[in-house]
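What follows is a set of notes on a single structure, which appears directly below.
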Amino acid sequence: MIVIVGAGMVGLTLAALLHQHGLSVSIVESESKSEMELLTARVSAIHLTSQKILNHTGAWELISNEAKTPLKKMHIWDHAQLAHLDFDAADIGETQMGWIVENRAIVNALRKKLTGVINFYCPNQPVGYEKNILILKNHQKIPCEFVIGADGANSWVRQQMNIDCQERSYQQKAIIAVIQSELPHQHTAIQKFLTTGPAALLPLHDQHHTALVWSSDNIVSDEHMKKTDTQFEQALSAALDFKLGKLKLISTRKQFPLMMRHVTEYAKNNFILAGDAAHTIHPLAGLGVNLGLFDAALLTDVLTQQKSLRSYTRAAKANHVPIIAAMRLLQEIFSYQQKSINHIRSVGVTALNQFHFLKNILMRLGPVHGAIK
């Protein structure tokens with residue numbers, strides 16, 4: 001028996017993959033089903049590799065077209081408007097680079113596949129583990145060989161492992177909301193690197209609806225949250241140089257702090273980590289959930305092939321460490337304000353933008369094996 005703590009996208013995907021291989025799986029989740037269905041319409045940028053993983057579970061076909069939008073192009077530029085990057089799926093012979101998908105749609109599709117075929121202990125949460133038995137808050141006891149923590153950034157499972165976890169605050173907070181734009185998005189994601197952090201609009205099903213992720217230094221982000229809707233809309237429209245015309249809020253704003261975390265070990269004794277429980281990164285490139293789905297596929301291979309858990313840690317870190325470092329570097333490169341740095345950045349990025357062969361390689365690598373998208 002394998003118990004997965006956490007019924008988010010990563011935990012449910014892992015459960016579906018393990019179940020397909022004939023392993024006995026149970027899930028423990030602290031939130032009730034009704035609470036999970038009320039999740040805000042946060043979205044994820046799902047790369048083509050991650051789509052294949054979700055398709056393998058059978059969940060992808062259950063996600064409605066209204067909840068998933070093809071991402072065909074990406075336009076990135078800096079605060080000085082001197083450097084810009086453009087990516088186009090057509091350049092690599094694809095119809096899309098990936099998909100922008102509502103998180104709750106992925107969760108609901110996976111739950112639909114798993115309901116009735118695995119045990120859900122929900123709402124419930126673990127409080128102890130002794131001699132291959134997981135003890136729950138309601139005193140239930142689950143015999144299990146492994147406990148997998150897919151329980152997010154504040155993971156209970158990680159706390160039980162007594163392992164080192166590198167943490168670094170980005171000193172930023174992200175504001176998310178759904179935006180209505182004056183101009184159609186044309187399946188293009190836009191992202192501008194302001195001096196205080198990146199602001200991105202991700203295309204949704206309606207041509208005039210986008211998902212906002214605006215990361216800013218803490219003080220600046222707090223100031224944005226204090227603005228009236230009209231003031232916020234004006235500030236956002238100007239910040240993005242009116243690329244999509246005037247912008248209007250059509251949802252409430254939500255804010256959360258940004259942290260980088262990465263554990264030194266992904267597995268110890270009977271405990272294993274996956275997704276945000278093992279690593280969190282800056283949302284500027286929408287890579288987070290893709291790394292988690294990579295964990296799910298990798299861990300499925302390790303457990304079904306009875307490989308060493310050390311091989312899971314080695315492979316996961318080999319994939320994730322360069323990406324985490326690249327995200328930090330990318331953020332810092334685009335945030336420098338000195339004129340000399342602006343010029344160097346402009347020359348370098350402009351050269352990359354003209355170097356189609358290299359750009360195409362970066363697009364093909366994607367978030368599972370690269371760091372640009």
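Chain labels A, B, ... are given in the sequence in which chains occur in the structure tokens; within each chain residues are numbered consecutively from 1, and ligands are likewise numbered from 1 in the order shown.
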
Point to revise | Spatial neighbours of Met74 in chain A, 8 Å, only C-alpha atoms, chain gap at least 5 places, as a PyMOL selection string | key: chain A and resi 85-88+188-191

Within 12 Å of range 99-102 of chain A: each range 112-225 of chain A residue with its shortest pair, only C-alpha atoms, as CSV:
residue,atom,partner,partner_atom,distance
A:Val178,CA,A:Glu102,CA,11.3
A:His187,CA,A:Ile100,CA,9.5
A:Thr188,CA,A:Ile100,CA,10.4
A:Ala189,CA,A:Ile100,CA,9.4
A:Leu201,CA,A:Ile100,CA,10.7
A:Leu202,CA,A:Ile100,CA,7.0
A:Pro203,CA,A:Ile100,CA,6.8
A:Leu204,CA,A:Ile100,CA,6.8
A:His205,CA,A:Ile100,CA,8.9
A:His209,CA,A:Ile100,CA,11.9
A:Thr210,CA,A:Ile100,CA,9.7
A:Ala211,CA,A:Ile100,CA,9.0
A:Leu212,CA,A:Ile100,CA,11.8

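Those residues in range 5-88 of chain A carrying a DSSP assignment of alpha helix (DSSP H), computed from the backbone, are Met9, Val10, Gly11, Leu12, Thr13, Leu14, Ala15, Ala16, Leu17, Leu18, His19, Gln20, Lys33, Ser34, Glu35, Met36, Glu37, Leu48, Thr49, Ser50, Gln51, Lys52, Ile53, Leu54, Asn55, His56 and Thr57 of chain A.
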
Restricted to N, CA and C atoms, what would the selected residues look like written as an mmCIF file, in the first residue's frame?
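Output file again38.cif is given in full below:
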data_model
loop_
_atom_site.group_PDB
_atom_site.id
_atom_site.type_symbol
_atom_site.label_atom_id
_atom_site.label_comp_id
_atom_site.auth_asym_id
_atom_site.auth_seq_id
_atom_site.Cartn_x
_atom_site.Cartn_y
_atom_site.Cartn_z
ATOM 1 N N MET A 9 -2.973 18.586 -8.052
ATOM 2 C CA MET A 9 -2.689 18.068 -9.392
ATOM 3 C C MET A 9 -1.604 16.995 -9.383
ATOM 4 N N VAL A 10 -0.545 17.224 -8.620
ATOM 5 C CA VAL A 10 0.575 16.279 -8.604
ATOM 6 C C VAL A 10 0.197 14.986 -7.888
ATOM 7 N N GLY A 11 -0.415 15.101 -6.709
ATOM 8 C CA GLY A 11 -0.795 13.918 -5.950
ATOM 9 C C GLY A 11 -1.783 13.037 -6.694
ATOM 10 N N LEU A 12 -2.777 13.654 -7.326
ATOM 11 C CA LEU A 12 -3.780 12.888 -8.062
ATOM 12 C C LEU A 12 -3.189 12.246 -9.312
ATOM 13 N N THR A 13 -2.311 12.979 -10.002
ATOM 14 C CA THR A 13 -1.656 12.410 -11.187
ATOM 15 C C THR A 13 -0.816 11.201 -10.802
ATOM 16 N N LEU A 14 -0.064 11.337 -9.724
ATOM 17 C CA LEU A 14 0.759 10.225 -9.246
ATOM 18 C C LEU A 14 -0.110 9.031 -8.872
ATOM 19 N N ALA A 15 -1.218 9.291 -8.193
ATOM 20 C CA ALA A 15 -2.127 8.204 -7.807
ATOM 21 C C ALA A 15 -2.667 7.483 -9.035
ATOM 22 N N ALA A 16 -3.044 8.248 -10.058
ATOM 23 C CA ALA A 16 -3.587 7.648 -11.278
ATOM 24 C C ALA A 16 -2.541 6.797 -11.992
ATOM 25 N N LEU A 17 -1.316 7.291 -12.066
ATOM 26 C CA LEU A 17 -0.247 6.546 -12.739
ATOM 27 C C LEU A 17 0.091 5.258 -11.992
ATOM 28 N N LEU A 18 0.188 5.347 -10.669
ATOM 29 C CA LEU A 18 0.512 4.161 -9.868
ATOM 30 C C LEU A 18 -0.606 3.123 -9.948
ATOM 31 N N HIS A 19 -1.856 3.610 -9.901
ATOM 32 C CA HIS A 19 -2.999 2.694 -9.984
ATOM 33 C C HIS A 19 -3.005 1.955 -11.319
ATOM 34 N N GLN A 20 -2.633 2.653 -12.397
ATOM 35 C CA GLN A 20 -2.595 2.013 -13.715
ATOM 36 C C GLN A 20 -1.579 0.877 -13.769
ATOM 37 N N LYS A 33 -14.202 17.650 -0.402
ATOM 38 C CA LYS A 33 -14.413 17.734 -1.850
ATOM 39 C C LYS A 33 -15.093 19.041 -2.226
ATOM 40 N N SER A 34 -16.066 19.473 -1.423
ATOM 41 C CA SER A 34 -16.780 20.716 -1.732
ATOM 42 C C SER A 34 -15.854 21.912 -1.653
ATOM 43 N N GLU A 35 -14.923 21.907 -0.681
ATOM 44 C CA GLU A 35 -13.964 23.000 -0.564
ATOM 45 C C GLU A 35 -13.026 23.030 -1.763
ATOM 46 N N MET A 36 -12.617 21.864 -2.242
ATOM 47 C CA MET A 36 -11.713 21.799 -3.378
ATOM 48 C C MET A 36 -12.388 22.299 -4.646
ATOM 49 N N GLU A 37 -13.699 22.071 -4.777
ATOM 50 C CA GLU A 37 -14.417 22.523 -5.962
ATOM 51 C C GLU A 37 -14.579 24.035 -5.978
ATOM 52 N N LEU A 48 3.694 20.484 -23.463
ATOM 53 C CA LEU A 48 3.247 19.328 -24.233
ATOM 54 C C LEU A 48 3.631 18.007 -23.567
ATOM 55 N N THR A 49 4.803 17.970 -22.928
ATOM 56 C CA THR A 49 5.214 16.752 -22.223
ATOM 57 C C THR A 49 4.275 16.459 -21.060
ATOM 58 N N SER A 50 3.887 17.514 -20.332
ATOM 59 C CA SER A 50 2.960 17.341 -19.212
ATOM 60 C C SER A 50 1.580 16.944 -19.706
ATOM 61 N N GLN A 51 1.193 17.463 -20.869
ATOM 62 C CA GLN A 51 -0.084 17.066 -21.454
ATOM 63 C C GLN A 51 -0.103 15.564 -21.724
ATOM 64 N N LYS A 52 1.022 15.032 -22.202
ATOM 65 C CA LYS A 52 1.105 13.595 -22.471
ATOM 66 C C LYS A 52 0.936 12.787 -21.185
ATOM 67 N N ILE A 53 1.503 13.304 -20.083
ATOM 68 C CA ILE A 53 1.361 12.614 -18.799
ATOM 69 C C ILE A 53 -0.105 12.591 -18.377
ATOM 70 N N LEU A 54 -0.770 13.752 -18.471
ATOM 71 C CA LEU A 54 -2.186 13.830 -18.102
ATOM 72 C C LEU A 54 -3.043 13.000 -19.045
ATOM 73 N N ASN A 55 -2.667 12.967 -20.312
ATOM 74 C CA ASN A 55 -3.399 12.161 -21.281
ATOM 75 C C ASN A 55 -3.283 10.676 -20.943
ATOM 76 N N HIS A 56 -2.119 10.289 -20.447
ATOM 77 C CA HIS A 56 -1.883 8.890 -20.080
ATOM 78 C C HIS A 56 -2.781 8.463 -18.919
ATOM 79 N N THR A 57 -3.130 9.399 -18.046
ATOM 80 C CA THR A 57 -4.014 9.076 -16.921
ATOM 81 C C THR A 57 -5.470 8.959 -17.357
#

re CA of Tyr129 in chain A and CA of His21 in chain A: distance 25.7 Å

(Q) If you run DSSP on the backbone here, which positions in range 38-236 of chain A get strand (DSSP E)? Please write them as a PyMOL selection string. (A) chain A and resi 43-47+68-71+73-78+84-88+98-102+119-121+126-130+133-136+141-143+146-149+165-181+188-194+197-203+209-217

Hey, could you make a per-residue contact list for range 56-173 of chain A against range 233-248 of chain A with 12 Å as the cut-off, showing the nearest pair of atoms and its distance in Å to one decimal, counting only C-alpha atoms, sorted by chain and number, as CSV?
residue,atom,partner,partner_atom,distance
A:His75,CA,A:Lys243,CA,10.2
A:Ile76,CA,A:Leu240,CA,10.6
A:Trp77,CA,A:Leu240,CA,9.6
A:Asp78,CA,A:Leu240,CA,10.0
A:His79,CA,A:Ala239,CA,8.7
A:Ala80,CA,A:Asp241,CA,11.2
A:Gln81,CA,A:Asp241,CA,9.6

Just-selected residues, C-alpha atoms written as a tab-separated table (two decimals), in the first residue's frame:
chain	number	residue	atom	x	y	z
A	75	HIS	CA	6.01	37.73	-26.33
A	76	ILE	CA	8.46	38.87	-23.63
A	77	TRP	CA	9.97	42.32	-23.20
A	78	ASP	CA	11.75	44.42	-20.59
A	79	HIS	CA	10.98	47.66	-18.75
A	80	ALA	CA	13.32	49.68	-20.99
A	81	GLN	CA	11.60	48.28	-24.11
